[in-house]
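Read the structure below first, then the notes.
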There are 2 protein chains.
Amino acid sequence: MSKRDVYEQLMKHQRELAVLQSCSAVLGWDQQTYMPRAGAGYRGEQLALLAKLSHEQATASLVDECLNQLDDTAFPADSEESANIRDVRRSFTRQSKLSSRYVEELATVTTLAQEAWVEARTKNDYKLFEPHLSAVLKLKREEAETVGVPSGGHLYDALLDEYEPGATTAEIKQLFADLRKELVPLIHAATPADTTVLHRSFPVERQRYFAEGVAAAMGFDFQAGRLDTTAHPFCSAFGPGDCRITTRFNPQHFNEAFFGVLHEAGHGMYEQGLRTDAFGTACGTFASLGIHESQSRFWENQVGRSWPFWQGCLPRLKQAFPGVVDDVSIATIYKAVNSVQPSLIRVEADQLTYNLHIGIRVELELALLTGDLAVIDLPGAWNEAYTKQLGVTPTTDTEGCLQDIHWSFGGFGYFATYTLGNLFASQLLAAVRREFPSWTDDIKNFEFSGTLNWLRKNIHQLGRRLTSQELCTQATGTPLSADFWLTEIREKVKHFRDVF
Amino acid sequence: MSKRDVYEQLMKHQRELAVLQSCSAVLGWDQQTYMPRAGAGYRGEQLALLAKLSHEQATASLVDECLNQLDDTAFPADSEESANIRDVRRSFTRQSKLSSRYVEELATVTTLAQEAWVEARTKNDYKLFEPHLSAVLKLKREEAETVGVPSGGHLYDALLDEYEPGATTAEIKQLFADLRKELVPLIHAATPADTTVLHRSFPVERQRYFAEGVAAAMGFDFQAGRLDTTAHPFCSAFGPGDCRITTRFNPQHFNEAFFGVLHEAGHGMYEQGLRTDAFGTACGTFASLGIHESQSRFWENQVGRSWPFWQGCLPRLKQAFPGVVDDVSIATIYKAVNSVQPSLIRVEADQLTYNLHIGIRVELELALLTGDLAVIDLPGAWNEAYTKQLGVTPTTDTEGCLQDIHWSFGGFGYFATYTLGNLFASQLLAAVRREFPSWTDDIKNFEFSGTLNWLRKNIHQLGRRLTSQELCTQATGTPLSADFWLTEIREKVKHFRDVF
């Protein structure tokens, strides 16, 4: 067989793997949206079987044979083919170290842990979740040890690598230290704005209609996607033409659903912008979770919390909710959606404090992984960190260490990508504004297509062809740095003062 | 390995097969309920892959090896083990004759055909569906020829056998001939009742609430199931604790959703009554599609269209729809829901004419399969049969040969089981009434648990341990016969006359 034939055979195999994995995604989506309660146990069995079959497919001897025939000289180093082969090799190397037993056990344990987490959170009873968290942590530690890290690396690197290929614990630690130093005085100096306007009565069905309208205007294609309601908002892309986003509605708080929808629609537009002809290969896949998060944060914050956006959005809001916000000025709503106030719940946090929430989680999961923190001591350590860093103390574990789903599904190493996404989104904003001098006018006029097309061309259509670091440099002209984000925040703080 | 070990290994394999097949069921349900339009093509790819994997699992050499070691003497002939082995052997024999290529092609072709059917039906354009129907028919003919039939059998037997193991074309033809002879004069003698009460304004959300309440009272467990809205109502059971039913709502016609829900809930209660400990084996599976349909028709017709049911239901209906049916008497509504009137749409047909609708479909699909009828001539043949047998002529193909989804998914041989189900449901009613002398009072009091428990014990918990014929005889004391149904219908016609 020619190198080309071997390559095509490998890609066909990988596409089939992607199709199989996407079946799990459908079942996972259904689990969060519509599955009746009594179906949970059996759903775990279905997901465990699909995980096992996916793992078998990912580690099939065919993959090994193809990879052996496709060395670095098979295709030009900067070709699409080489990028796709590199990614299969990276994934195969990782996956083939993990046994079928491990993969199936992880699927079963995390399905049960997710159920236990829901119950523990509802009943505010950490004890119900604790044994499950221990079981998940034990498996993830086993995974990190099995996958291994280069000499001098940190055990945590092996987990980071799954979500953000190439990221290291040392860099991440430094990043959060730098951010914390700059953020703490900024947060202390901020005065919370009057947010009562966001707590007026917003009927749920109108909220849905309005949020869908704005997401559609931004470019989320509802012919190829849909919005549902879940306890924990997420985006799940099944494959070409099918991407689901979810949110939750609070009739007394406008922010929850609205910014949630912009956020998830940002994820969704990234998925909808991937190359369908390359589906199942690296070039048709998102670059990393950090890049993914940059797309959601960009539409949520860089666009959705900007002054020009509210110049365009407020008249529409008044039309959609007659009698509810008639008296509201742009300054009032802009101030409200950007209010800085240390709080307990990450997903409702403002742009400034958000990264501190993430920093706490990264610290704690590092300590859990190394064993410096015992699972039973998590609630205490959590509350202590919040008190010290954010000046607020949870009174229940539900608003403390039980608030996030991530650890229950084994997402250790996941949180850091949220902050990487925040930073990258700022850097993208700077690049987009350089590209479009009329950017603020466009946004004010609800004209988003220039921005989306730029993201399509410079991010989405490239898939995973470059590493996230390379992608950042190519798209924005400079390597990823916290400077853009800090500059944006400082300017926003200043603008905030000027406006009022 | 001992026979026991071989048996356990085979059952474990079969359970895994059932789990895999149930993943397809989740994707199929989603396709009908929530999938965005643009996801259709990719969904076909997912379903084709799962069909291929299921077929590989069903025909794995392990199954053959186990079956070879488990001859008729391995376990007592009337044991659970023997029943499970027999069913695996039957299924393996059939499946192993079909190639992977065939199975994958059928999945792809029928997914596309279903999409084309939806479009053709919406646009009332048979030409859009015709090439797809030809492709499906060609594959099903290939399947029948590949599976084969015993000498003297009919090609159609091979397709019937998938849905109703053991049924033959000769019996089915005779059955419909007998029914037709008796039914035609009965239908001619019937005067349609005044059904205007059913066409008052019934708000959709109240219809949903009311139908769910009645289904729950009958015994459908909404903790382990749910009701959604689809163009074509169905029931899909994924596995223990998860059974989905669907319906469609018409604010100007009470019957569509209400009797649809009772029907699908009947299917659902059967699935919810199967032995979860035997899931994946014959003893934990429905006996046949005819038996399945008997459960849905029993709750829809034998219960839901009975006089005592409406004695109990009408006061509840008045409470649920204040101001809508205040003036209605039991006689009026009983008469309306039992009105006999030849019509065009099967799913809305009354109890008397329903089996004629089925007979027409069976005749036509037989003719299509043998080639006596060309696919292009189907609309003409359909309209001719309706004119001749029911005295009504479709003016569009949407209300003619495009009304049913079945042929688009390859369900040739499926329709006959609807009539078998109708007959069996009558026979069950006779048995239940013998068992519970207070039956009419129970139903009047909305006390359904005695009836459901009897069905659980005599039908549901037996799964596929017996053939449908054996099951019928054991549960009701006599082999399946049209006499019970005809007697019930005659009595109903008489009661009808007495009531008014």
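Note on naming: chains are A, B, ... as they come in the structure tokens, residues start from 1 per chain, ligands start from 1 in the order shown.
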* Asked: What's the 7 Å shell around Trp382 (chain B), counting only C-alpha atoms, without same-chain residues fewer than 3 positions away, as a ChimeraX atom specification?
  -> /B:378-379,385-386,400-401
* Using only C-alpha atoms, select each residue of chain A with any atom at most 6 Å away from an atom of chain B, and give the selection as a list of chain:residue names. =>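 Close enough to count are A:Val19, A:Pro36, A:Arg37, A:Ala38, A:Gly39, A:Gln46, A:Gln223, A:Ala224, A:Gly225, A:Gly241, A:Asp242.
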* What does the distance between CA of Asp483 (chain A) and CA of Ala425 (chain A) come to in Å, to one decimal place? ->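 Value for the CA of Asp483 (chain A)-CA of Ala425 (chain A) distance: 11.8 Å.
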From a DSSP pass on the backbone, collect the residues of region 41-243 of chain B flagged as strand (DSSP E or B) and hand them back as a PDB file with C-alpha atoms, in the first residue's frame.
ATOM      1  CA  GLY B 225     -40.423   7.017  31.461  1.00  0.00           C
ATOM      2  CA  ARG B 226     -41.591  10.204  29.801  1.00  0.00           C
ATOM      3  CA  LEU B 227     -43.962  11.573  27.203  1.00  0.00           C
ATOM      4  CA  ASP B 228     -42.821  13.740  24.278  1.00  0.00           C
ATOM      5  CA  THR B 229     -44.382  15.110  21.122  1.00  0.00           C
ATOM      6  CA  CYS B 235     -43.009   3.853  22.264  1.00  0.00           C
ATOM      7  CA  SER B 236     -39.314   3.122  22.614  1.00  0.00           C
ATOM      8  CA  ALA B 237     -37.898   1.216  25.567  1.00  0.00           C
ATOM      9  CA  PHE B 238     -34.172   1.688  26.089  1.00  0.00           C
ATOM     10  CA  GLY B 239     -33.688  -0.668  29.011  1.00  0.00           C
ATOM     11  CA  ASP B 242     -36.128   4.073  30.821  1.00  0.00           C
ATOM     12  CA  CYS B 243     -39.095   3.855  28.468  1.00  0.00           C
TER      13      CYS B 243
END
* Find, counting only C-alpha atoms, the residue in B:Tyr414, B:Trp407, B:Phe446, B:Tyr334 that gets nearest to Phe129 (chain B). =>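 Smallest distance to Phe129 (chain B) is found for B:Trp407.
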* Of the listed residues B:Glu384, B:Glu256, B:Glu81, B:Asp397, that which approaches Val347 (chain B) most closely, counting only C-alpha atoms ->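 Distance minimum relative to Val347 (chain B) lands on B:Glu256.
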* **Selection near region 191-195 of chain B, 6 Å with only C-alpha atoms, sequence-local residues under 6 positions removed, as number ranges by chain** => B: 336, 339-341
* List the neighbours of Val147 (chain B) out to 10 Å using only C-alpha atoms; skip same-chain residues closer than 6 positions along the sequence, and give me the result as a list of chain:residue names. =>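 My list of contacting residues is B:Thr93, B:Arg94, B:Gln95, B:Ser96, B:Lys97, B:Leu98, B:Arg141, B:Leu155, B:Asp157, B:Ala158, B:Leu159.
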* Asked: Do you know which residues are at most 7 Å from region 287-296 of chain A counting only C-alpha atoms, after dropping those on the same chain fewer than 6 positions away, and could you put them as a list in words?
  ->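 The filter keeps Tyr163, Glu164, His263, Glu264, Ala265, Gly266, His267, Tyr270, Thr417, Tyr418, Leu420, Gly421, Asn422, Phe424, Ala425, Gly463, Arg464, Thr467 and Ser468 of chain A.
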* **Selection near Pro185 (chain B), 12 Å with only C-alpha atoms, sequence-local residues under 5 positions removed, as a list in words** =>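 The neighbour list is Leu179, Arg180, Ala190, Leu352, Thr353, Gln389, Leu390 and Arg490 of chain B.
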* To do: Name all residues at most 10 Å from Arg86 (chain A) (count only C-alpha atoms; drop same-chain ones fewer than 3 positions away) and give them as a list of chain:residue names.
  => A:Leu67, A:Leu70, A:Asp71, A:Asp72, A:Ala77, A:Glu80, A:Glu81, A:Ser82, A:Ala83, A:Arg89, A:Arg90, A:Ser91, A:Phe92, A:Ala282, A:Arg465
Written selection (C-alpha atoms) as a PDB file, in the first residue's frame:
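Result file is again_6.pdb:
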ATOM      1  CA  LEU A  67       1.319   4.778  12.402  1.00  0.00           C
ATOM      2  CA  LEU A  70       3.637   6.772   8.500  1.00  0.00           C
ATOM      3  CA  ASP A  71       6.838   8.235   9.867  1.00  0.00           C
ATOM      4  CA  ASP A  72       7.719  11.929   9.885  1.00  0.00           C
ATOM      5  CA  ALA A  77       5.876  18.478   8.082  1.00  0.00           C
ATOM      6  CA  GLU A  80      -2.647  18.679   6.868  1.00  0.00           C
ATOM      7  CA  GLU A  81      -1.786  14.993   6.681  1.00  0.00           C
ATOM      8  CA  SER A  82       1.146  15.362   9.073  1.00  0.00           C
ATOM      9  CA  ALA A  83      -1.006  17.305  11.537  1.00  0.00           C
ATOM     10  CA  ARG A  89      -0.070   9.328  17.400  1.00  0.00           C
ATOM     11  CA  ARG A  90      -0.457  11.539  20.481  1.00  0.00           C
ATOM     12  CA  SER A  91      -3.881  10.126  21.266  1.00  0.00           C
ATOM     13  CA  PHE A  92      -2.916   6.518  20.487  1.00  0.00           C
ATOM     14  CA  ALA A 282      -7.423  16.680  13.913  1.00  0.00           C
ATOM     15  CA  ARG A 465      -3.831  21.661  12.739  1.00  0.00           C
TER      16      ARG A 465
END
* **Pick from A:Pro437, A:Pro150, A:Pro165, A:Gly44, whichever lies nearest to Glu104 (chain A) using only C-alpha atoms** => A:Gly44
* Have a look at A:Asp372, A:Leu364, A:Leu186, A:Gly268 and name the one nearest to Ile489 (chain A); count only C-alpha atoms. => A:Leu186
* Mind giving me the straight-line distance from CA of Val303 (chain B) to CA of Thr478 (chain B) in Å, one decimal? =>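 If I compute the distance from CA of Val303 (chain B) to CA of Thr478 (chain B), I get 21.4 Å.
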